[in-house]
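In what follows, a structure is listed as structure tokens, so that the remarks can point back to it.
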Amino acid sequence: MTISSTGLTPDHSFTVGATLPGTRGRTGTISTPHGEIQTPAFVPVGTKATVKTVLPESVAALGAQAVLANAYHLYLQPGPEIIDAAGGLGRFMNWPGPTYTDSGGFQVMSLGAGFKKVIAMEIEKTSPDDSIIAPGKERLALVDDDGVTFKSHLDGSTHRFTPEVSMQIQHQLGADIIFAFDELTTLMNTRAYQETSLERTRLWAIRCLAEHNRLSLERAHRPQQSLWGVIQGAHYEDLRRQASRDLVAASDRDQSEGGRGFGGYGIGGALEKSNLGTIVGWVTDELPDDKPRHLLGISEPDDVFTAIENGADTFDCVSPTRVARNGAIYSLDGRYNVTNARYRDDFRPLDGEVENYTSQYSRAYLHHLFKAKEGLASTLATLHNVAFIVAMVDRAREAIVEGDYEAYRDDFLGRYYGGTRG
């Protein structure tokens with residue numbers, strides 16, 4: 001089955017390939033001005049225009065098809081005007097392939113509340129909305145219907161993001177795929193606040209579309225960008241479905257009036273792990289098949305397989321690189337910490353059955369590098385973890401095409417979560 005998308009710029013398209021029987025899963029191809037992304041695909045995070053500790057060429061060599069950078073951090077440093085003058089994010093970081101930027105909304109809210117990058121949580125209790133702040137932290141972000149005023153986590157200076165400002169920043173950053181400005185809520189927010197926030201995010205999305213259309217014409221000399229709407233709604237089925245329908249309707253109206261509409265959709269917000277597949281399924285059921293869907297902030301193997309089966313096409317997460325810098329290593333038999341004493345004289349590769357650049361180095365060597373606080377430790381561990389997750393998702397894509405997805409999934413997850421852990 002082939003479905004070509006509508007409403008995208010001439011340099012952007014999405015085509016659905018094979019489907020996964022009995023599920024919402026599919027393969028596809030996202031085309032951008034800087035190349036194609038074969039989906040499902042894992043997108044490594046290069047928050048500040050770099051995947052921490054590794055060269056862009058190395059990220060490409062391990063099989064990554066695209067990278068995602070962060071509008072909030074790049075706005076604060078070095079500033080979007082610098083990246084614009086360099087020719088856009090890809091040229092600035094010497095990355096030739098497709099690029100994403102998020103809107104900055106996630107970091108404004110999460111850093112502002114002192115929670116950092118908490119995305120997958122369990123419901124414990126509902127708190128008064130104005131009290132949701134990490135212990136010992138100052139509230140750095142204040143939300144109103146027009147936007148968010150926040151203090152920089154770098155120097156305490158005051159800034160303001162509105163939907164229009166987020167679009168202006170992301171157009172200057174020049175990524176192929178950009179996201180509408182949205183409000184992040186947590187599972188601790190009350191139902192009433194979730195409803196208020198969802199309407200705010202809907203109105204912000206409409207403003208993002210208008211500003212995106214204006215800037216696309218104003219900056220026609222630059223490679224055209226695809227704006228994706230972001231769907232919130234926490235763990236409430238009616239809110240998730242309504243948010244999805246509302247953004248699709250806004251996109252359709254925009255296209256009917258000569259605009260570009262949304263080129264795809266991001267699934268955002270706090271996702272209860274035990275309910276992840278159900279939530280993603282609610283959303284994808286309401287979205288058009290001819291638009292790609294990106295799940296924000298997911299990388300654990302069981303979550304990725306669940307998301308694929310429920311219709312997500314691409315994923316990003318900082319976890320593989322973040323845990324690597326602390327010595328946590330992915331392997332087919334589960335995750336283990338190479339800094340543990342047992343690996344001091346273990347001369348096996350990080351995973352003897354996974355072939356990548358790090359295969360030439362032993363666990364004992366990485367153990368030594370971490371203990372000696374050598375920078376190469378983080379580089380090698382990061383290369384391995386990103387290669388591991390990228391390859392896992394690539395193989396899932398191949399398995400959908402070849403018809404052996406369930407066998408691959410069951411074998412992988414059974415071994416990963418039931419293995420010897422290194």
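Going through the structure tokens in order, the chains are called A, B, and so on, while each chain numbers its residues from 1 and the ligands are numbered from 1 in the order shown.
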
Residues of stretch 246-341 of chain A that have any atom at most 10 Å from an atom of stretch 49-71 of chain A: could you tabulate them with the shortest-distance atom pair and the distance in Å to one decimal, using only C-alpha atoms, ordered by chain and increasing number, as a Markdown table?
| residue | atom | partner | partner_atom | distance |
| --- | --- | --- | --- | --- |
| A:Phe315 | CA | A:Leu68 | CA | 9.9 |
| A:Asp316 | CA | A:Leu68 | CA | 7.4 |
| A:Cys317 | CA | A:Leu68 | CA | 9.2 |
| A:Val318 | CA | A:Val51 | CA | 9.2 |
| A:Thr321 | CA | A:Lys52 | CA | 7.2 |
| A:Arg322 | CA | A:Lys52 | CA | 8.6 |
| A:Arg325 | CA | A:Thr53 | CA | 8.8 |

Generate a file of the selected residues that holds N, CA and C atoms, formatted as a PDB file, in the first residue's frame.
ATOM      1  N   PHE A 315      11.145   8.197  16.647  1.00  0.00           N
ATOM      2  CA  PHE A 315      11.286   8.362  18.093  1.00  0.00           C
ATOM      3  C   PHE A 315      12.578   9.119  18.362  1.00  0.00           C
ATOM      4  N   ASP A 316      12.620   9.839  19.458  1.00  0.00           N
ATOM      5  CA  ASP A 316      13.880  10.424  19.911  1.00  0.00           C
ATOM      6  C   ASP A 316      13.961  10.293  21.412  1.00  0.00           C
ATOM      7  N   CYS A 317      15.159  10.276  21.943  1.00  0.00           N
ATOM      8  CA  CYS A 317      15.342  10.255  23.392  1.00  0.00           C
ATOM      9  C   CYS A 317      16.813  10.499  23.713  1.00  0.00           C
ATOM     10  N   VAL A 318      17.056  11.181  24.829  1.00  0.00           N
ATOM     11  CA  VAL A 318      18.429  11.418  25.276  1.00  0.00           C
ATOM     12  C   VAL A 318      18.986  10.234  26.053  1.00  0.00           C
ATOM     13  N   THR A 321      22.354   8.160  25.132  1.00  0.00           N
ATOM     14  CA  THR A 321      23.599   8.904  25.287  1.00  0.00           C
ATOM     15  C   THR A 321      23.840   9.308  26.735  1.00  0.00           C
ATOM     16  N   ARG A 322      22.776   9.663  27.439  1.00  0.00           N
ATOM     17  CA  ARG A 322      22.933  10.097  28.834  1.00  0.00           C
ATOM     18  C   ARG A 322      23.448   8.958  29.705  1.00  0.00           C
ATOM     19  N   ARG A 325      27.158   8.008  29.216  1.00  0.00           N
ATOM     20  CA  ARG A 325      28.161   8.851  29.860  1.00  0.00           C
ATOM     21  C   ARG A 325      28.369   8.485  31.321  1.00  0.00           C
TER      22      ARG A 325
END

Cut-off 10 Å: closest stretch 180-207 of chain A/stretch 149-162 of chain A atom pairs per residue, using only C-alpha atoms, as a Markdown table:
| residue | atom | partner | partner_atom | distance |
| --- | --- | --- | --- | --- |
| A:Phe181 | CA | A:Thr162 | CA | 7.6 |
| A:Asp182 | CA | A:Thr162 | CA | 9.5 |
| A:Trp204 | CA | A:Thr162 | CA | 8.1 |
| A:Arg207 | CA | A:Thr162 | CA | 9.2 |

Export C-alpha atoms of the chosen residues as an mmCIF file, in the first residue's frame?
data_model
loop_
_atom_site.group_PDB
_atom_site.id
_atom_site.type_symbol
_atom_site.label_atom_id
_atom_site.label_comp_id
_atom_site.auth_asym_id
_atom_site.auth_seq_id
_atom_site.Cartn_x
_atom_site.Cartn_y
_atom_site.Cartn_z
ATOM 1 C CA PHE A 181 4.889 25.345 20.450
ATOM 2 C CA ASP A 182 2.910 23.491 23.105
ATOM 3 C CA TRP A 204 -1.002 28.083 20.004
ATOM 4 C CA ARG A 207 -0.851 30.623 15.650
#

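Using only C-alpha atoms, the shortest contact distance between A:Gly311 and any of A:Gln225, A:Thr39, A:Gln172, A:Thr47 is found at A:Thr39.
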
**Prompt:** Which is closer to A:Val165 than all the others in A:Thr196, A:Glu211, A:Leu203, A:Asp144, using only C-alpha atoms?
**Reply:** A:Glu211

**Asked** Where does DSSP see alpha helix (DSSP H) in stretch 34-274 of chain A, if you list the residues as an NGL selection string?
**Response** :A and (56-61 or 71-76 or 80-86 or 89-93 or 105-112 or 163-173 or 191-218 or 237-256)

**Message:** So that I can see what lies close to A:Tyr336, please list as a VMD selection string the residues with an atom at most 12 Å from it, counting only C-alpha atoms and leaving out residues fewer than 3 positions away in the same chain.
**Reply:** chain A and resid 323 to 324 326 to 333 339 to 343 350 to 351 363 367 381 385 416 to 417 419 to 422

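Rounded to one decimal, atom CA of A:Phe347 and atom CA of A:Tyr365 lie 7.7 Å from each other.
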
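Excluding A:Arg200 itself and any same-chain residue fewer than 3 positions from it, the protein and nucleic acid residues within 12 Å of it, counting only C-alpha atoms, are Val143, Asp144, Asp145, Asp146, Gly147, Val148, Thr162, Pro163, Phe181, Asp182, Glu183, Leu184, Thr185, Tyr193, Gln194, Glu195, Thr196, Ser197, Leu203, Trp204, Ala205, Ile206, Arg207, Ile231, Gln232, Gly233, Ala243 and Asp246 of chain A.
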
**Item:** 12 Å contact set for A:Gln242, only C-alpha atoms, chain neighbours under 2 positions out, as a VMD selection string
**Value:** chain A and resid 195 198 to 199 202 231 to 234 236 to 240 244 to 249 282 to 287

File dump, residues just selected, N, CA and C atoms, as a PDB file, in the first residue's frame:
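Below is the file selection18.pdb, written as the result:
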ATOM      1  N   GLU A 195      -7.437  20.194  30.769  1.00  0.00           N
ATOM      2  CA  GLU A 195      -8.393  20.702  29.792  1.00  0.00           C
ATOM      3  C   GLU A 195      -8.041  22.131  29.376  1.00  0.00           C
ATOM      4  N   LEU A 198      -4.889  22.064  27.230  1.00  0.00           N
ATOM      5  CA  LEU A 198      -5.096  21.514  25.895  1.00  0.00           C
ATOM      6  C   LEU A 198      -5.689  22.563  24.954  1.00  0.00           C
ATOM      7  N   GLU A 199      -6.617  23.355  25.454  1.00  0.00           N
ATOM      8  CA  GLU A 199      -7.180  24.421  24.624  1.00  0.00           C
ATOM      9  C   GLU A 199      -6.118  25.473  24.313  1.00  0.00           C
ATOM     10  N   ARG A 202      -3.973  24.092  21.610  1.00  0.00           N
ATOM     11  CA  ARG A 202      -4.677  24.127  20.313  1.00  0.00           C
ATOM     12  C   ARG A 202      -4.589  25.520  19.686  1.00  0.00           C
ATOM     13  N   ILE A 231       0.599  16.747  20.035  1.00  0.00           N
ATOM     14  CA  ILE A 231      -0.635  16.299  20.683  1.00  0.00           C
ATOM     15  C   ILE A 231      -0.374  16.015  22.154  1.00  0.00           C
ATOM     16  N   GLN A 232      -1.112  16.694  23.000  1.00  0.00           N
ATOM     17  CA  GLN A 232      -1.040  16.488  24.446  1.00  0.00           C
ATOM     18  C   GLN A 232      -2.312  15.791  24.929  1.00  0.00           C
ATOM     19  N   GLY A 233      -2.548  15.798  26.213  1.00  0.00           N
ATOM     20  CA  GLY A 233      -3.751  15.178  26.766  1.00  0.00           C
ATOM     21  C   GLY A 233      -3.495  14.184  27.869  1.00  0.00           C
ATOM     22  N   ALA A 234      -2.212  14.018  28.240  1.00  0.00           N
ATOM     23  CA  ALA A 234      -1.837  13.130  29.352  1.00  0.00           C
ATOM     24  C   ALA A 234      -2.432  11.736  29.157  1.00  0.00           C
ATOM     25  N   TYR A 236      -5.632  10.818  29.508  1.00  0.00           N
ATOM     26  CA  TYR A 236      -7.078  10.858  29.310  1.00  0.00           C
ATOM     27  C   TYR A 236      -7.423  10.563  27.851  1.00  0.00           C
ATOM     28  N   GLU A 237      -8.213   9.509  27.642  1.00  0.00           N
ATOM     29  CA  GLU A 237      -8.533   9.118  26.262  1.00  0.00           C
ATOM     30  C   GLU A 237      -9.292  10.216  25.529  1.00  0.00           C
ATOM     31  N   ASP A 238     -10.291  10.805  26.162  1.00  0.00           N
ATOM     32  CA  ASP A 238     -11.081  11.814  25.456  1.00  0.00           C
ATOM     33  C   ASP A 238     -10.242  13.028  25.093  1.00  0.00           C
ATOM     34  N   LEU A 239      -9.304  13.407  25.974  1.00  0.00           N
ATOM     35  CA  LEU A 239      -8.467  14.568  25.682  1.00  0.00           C
ATOM     36  C   LEU A 239      -7.465  14.264  24.575  1.00  0.00           C
ATOM     37  N   ARG A 240      -6.870  13.096  24.610  1.00  0.00           N
ATOM     38  CA  ARG A 240      -5.934  12.726  23.543  1.00  0.00           C
ATOM     39  C   ARG A 240      -6.627  12.668  22.188  1.00  0.00           C
ATOM     40  N   SER A 244      -6.081  15.327  19.005  1.00  0.00           N
ATOM     41  CA  SER A 244      -5.706  14.844  17.678  1.00  0.00           C
ATOM     42  C   SER A 244      -6.668  15.373  16.620  1.00  0.00           C
ATOM     43  N   ARG A 245      -7.969  15.255  16.889  1.00  0.00           N
ATOM     44  CA  ARG A 245      -8.968  15.735  15.924  1.00  0.00           C
ATOM     45  C   ARG A 245      -8.859  17.240  15.725  1.00  0.00           C
ATOM     46  N   ASP A 246      -8.614  17.956  16.801  1.00  0.00           N
ATOM     47  CA  ASP A 246      -8.519  19.419  16.700  1.00  0.00           C
ATOM     48  C   ASP A 246      -7.349  19.844  15.823  1.00  0.00           C
ATOM     49  N   LEU A 247      -6.198  19.194  15.994  1.00  0.00           N
ATOM     50  CA  LEU A 247      -5.032  19.581  15.187  1.00  0.00           C
ATOM     51  C   LEU A 247      -5.213  19.187  13.729  1.00  0.00           C
ATOM     52  N   VAL A 248      -5.832  18.049  13.477  1.00  0.00           N
ATOM     53  CA  VAL A 248      -6.104  17.661  12.087  1.00  0.00           C
ATOM     54  C   VAL A 248      -7.054  18.666  11.441  1.00  0.00           C
ATOM     55  N   ALA A 249      -8.091  19.089  12.181  1.00  0.00           N
ATOM     56  CA  ALA A 249      -9.034  20.071  11.657  1.00  0.00           C
ATOM     57  C   ALA A 249      -8.345  21.405  11.387  1.00  0.00           C
ATOM     58  N   TRP A 282      -4.666   5.588  20.762  1.00  0.00           N
ATOM     59  CA  TRP A 282      -5.754   6.568  20.726  1.00  0.00           C
ATOM     60  C   TRP A 282      -5.432   7.676  19.719  1.00  0.00           C
ATOM     61  N   VAL A 283      -4.195   8.149  19.796  1.00  0.00           N
ATOM     62  CA  VAL A 283      -3.791   9.272  18.955  1.00  0.00           C
ATOM     63  C   VAL A 283      -3.745   8.867  17.482  1.00  0.00           C
ATOM     64  N   THR A 284      -3.052   7.775  17.193  1.00  0.00           N
ATOM     65  CA  THR A 284      -2.872   7.405  15.783  1.00  0.00           C
ATOM     66  C   THR A 284      -4.190   7.014  15.127  1.00  0.00           C
ATOM     67  N   ASP A 285      -5.140   6.521  15.897  1.00  0.00           N
ATOM     68  CA  ASP A 285      -6.453   6.216  15.342  1.00  0.00           C
ATOM     69  C   ASP A 285      -7.136   7.469  14.792  1.00  0.00           C
ATOM     70  N   GLU A 286      -6.821   8.619  15.372  1.00  0.00           N
ATOM     71  CA  GLU A 286      -7.464   9.863  14.968  1.00  0.00           C
ATOM     72  C   GLU A 286      -6.674  10.631  13.902  1.00  0.00           C
ATOM     73  N   LEU A 287      -5.448  10.208  13.655  1.00  0.00           N
ATOM     74  CA  LEU A 287      -4.596  10.933  12.706  1.00  0.00           C
ATOM     75  C   LEU A 287      -4.696  10.335  11.306  1.00  0.00           C
TER      76      LEU A 287
END

**Message:** I need the residues of stretch 143-215 of chain A that end up classed as strand (DSSP E or B) by DSSP on the backbone, written out as a list in words.
**Reply:** Val143, Val148, Thr149, Phe150, Lys151, Thr158, His159, Arg160, Phe161, Ile177, Ile178 and Phe179 of chain A

Could the residues in this selection be saved with C-alpha atoms as an mmCIF file, in the first residue's frame?
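Below you can see out-v5.cif, which holds the result:
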data_model
loop_
_atom_site.group_PDB
_atom_site.id
_atom_site.type_symbol
_atom_site.label_atom_id
_atom_site.label_comp_id
_atom_site.auth_asym_id
_atom_site.auth_seq_id
_atom_site.Cartn_x
_atom_site.Cartn_y
_atom_site.Cartn_z
ATOM 1 C CA VAL A 143 2.515 30.315 31.598
ATOM 2 C CA VAL A 148 5.615 31.598 28.567
ATOM 3 C CA THR A 149 7.942 33.893 30.458
ATOM 4 C CA PHE A 150 10.960 32.082 31.809
ATOM 5 C CA LYS A 151 14.377 32.532 33.327
ATOM 6 C CA THR A 158 14.411 36.624 31.602
ATOM 7 C CA HIS A 159 13.022 35.567 28.222
ATOM 8 C CA ARG A 160 9.633 35.020 26.628
ATOM 9 C CA PHE A 161 8.463 32.395 24.158
ATOM 10 C CA ILE A 177 11.168 19.200 10.607
ATOM 11 C CA ILE A 178 10.032 21.575 13.332
ATOM 12 C CA PHE A 179 7.361 21.326 16.025
#

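Interatomic distance, atom CA of A:Asp290 to atom CA of A:Val304: 21.1 Å.
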
**Prompt:** If you count only C-alpha atoms, which residues fall within 12 Å of A:Gly297, apart from same-chain ones fewer than 3 positions away, as a ChimeraX atom specification?
**Reply:** /A:42-45,68,102,106,117-121,266-271,273,276,294,300,303-304,307,314-320

Kindly save the residues from that selection, with N, CA and C atoms included, as a CSV table (one decimal), in the first residue's frame.
chain,number,residue,atom,x,y,z
A,42,PHE,N,14.9,5.4,14.8
A,42,PHE,CA,15.3,6.1,16.0
A,42,PHE,C,16.1,7.3,15.6
A,43,VAL,N,15.8,8.5,16.2
A,43,VAL,CA,16.5,9.8,15.9
A,43,VAL,C,17.3,10.2,17.1
A,44,PRO,N,18.7,10.1,17.0
A,44,PRO,CA,19.5,10.5,18.2
A,44,PRO,C,19.3,12.0,18.5
A,45,VAL,N,19.4,12.3,19.8
A,45,VAL,CA,19.3,13.7,20.2
A,45,VAL,C,20.6,14.4,20.2
A,68,LEU,N,18.1,15.3,16.2
A,68,LEU,CA,17.1,16.2,16.7
A,68,LEU,C,17.9,17.2,17.7
A,102,ASP,N,12.9,20.6,18.3
A,102,ASP,CA,11.6,20.7,19.0
A,102,ASP,C,11.4,22.2,19.3
A,106,PHE,N,9.0,22.0,25.8
A,106,PHE,CA,9.3,21.0,26.8
A,106,PHE,C,10.3,21.5,27.8
A,117,LYS,N,14.3,16.4,32.4
A,117,LYS,CA,13.6,15.7,31.2
A,117,LYS,C,12.8,14.5,31.7
A,118,VAL,N,11.9,14.7,32.6
A,118,VAL,CA,11.0,13.7,33.0
A,118,VAL,C,9.8,13.5,32.0
A,119,ILE,N,9.7,12.4,31.3
A,119,ILE,CA,8.7,12.2,30.3
A,119,ILE,C,7.8,11.0,30.6
A,120,ALA,N,8.4,9.9,31.0
A,120,ALA,CA,7.6,8.7,31.2
A,120,ALA,C,7.5,8.5,32.8
A,121,MET,N,6.3,8.6,33.3
A,121,MET,CA,6.1,8.6,34.7
A,121,MET,C,5.0,7.7,35.1
A,266,GLY,N,3.5,15.2,16.3
A,266,GLY,CA,4.3,14.7,17.5
A,266,GLY,C,3.4,14.3,18.6
A,267,ILE,N,3.7,13.2,19.2
A,267,ILE,CA,3.0,12.8,20.4
A,267,ILE,C,3.8,13.1,21.6
A,268,GLY,N,3.3,14.0,22.4
A,268,GLY,CA,4.1,14.6,23.5
A,268,GLY,C,3.5,14.4,24.8
A,269,GLY,N,4.1,15.0,25.8
A,269,GLY,CA,3.6,15.0,27.2
A,269,GLY,C,4.1,13.9,28.0
A,270,ALA,N,3.6,13.8,29.2
A,270,ALA,CA,3.9,12.8,30.1
A,270,ALA,C,3.1,11.5,29.7
A,271,LEU,N,3.8,10.4,29.5
A,271,LEU,CA,3.2,9.2,29.1
A,271,LEU,C,3.4,8.1,30.2
A,273,LYS,N,4.0,4.8,31.5
A,273,LYS,CA,4.6,3.7,30.8
A,273,LYS,C,3.7,2.5,30.6
A,276,LEU,N,1.4,3.2,27.7
A,276,LEU,CA,2.0,3.9,26.5
A,276,LEU,C,1.3,3.5,25.2
A,294,HIS,N,5.7,11.3,15.2
A,294,HIS,CA,6.9,11.2,16.0
A,294,HIS,C,6.6,11.1,17.5
A,300,GLU,N,13.4,3.2,25.5
A,300,GLU,CA,13.6,1.9,26.1
A,300,GLU,C,13.1,0.8,25.1
A,303,ASP,N,9.4,-0.1,25.2
A,303,ASP,CA,8.5,1.1,24.8
A,303,ASP,C,8.6,1.3,23.3
A,304,VAL,N,9.7,1.1,22.7
A,304,VAL,CA,9.9,1.3,21.2
A,304,VAL,C,9.0,0.3,20.5
A,307,ALA,N,5.4,1.2,20.8
A,307,ALA,CA,5.1,2.4,20.0
A,307,ALA,C,5.0,2.1,18.5
A,314,THR,N,8.6,7.6,14.1
A,314,THR,CA,10.0,7.9,14.5
A,314,THR,C,10.0,8.2,16.0
A,315,PHE,N,11.1,8.2,16.6
A,315,PHE,CA,11.3,8.4,18.1
A,315,PHE,C,12.6,9.1,18.4
A,316,ASP,N,12.6,9.8,19.5
A,316,ASP,CA,13.9,10.4,19.9
A,316,ASP,C,14.0,10.3,21.4
A,317,CYS,N,15.2,10.3,21.9
A,317,CYS,CA,15.3,10.3,23.4
A,317,CYS,C,16.8,10.5,23.7
A,318,VAL,N,17.1,11.2,24.8
A,318,VAL,CA,18.4,11.4,25.3
A,318,VAL,C,19.0,10.2,26.1
A,319,SER,N,18.1,9.3,26.4
A,319,SER,CA,18.6,8.2,27.3
A,319,SER,C,19.8,7.4,26.9
A,320,PRO,N,19.8,6.9,25.6
A,320,PRO,CA,21.0,6.1,25.3
A,320,PRO,C,22.3,6.9,25.4

**Prompt:** Between atom CA of A:Ser274 and atom CA of A:Pro301, what is the spacing in Å?
**Reply:** 13.8 Å
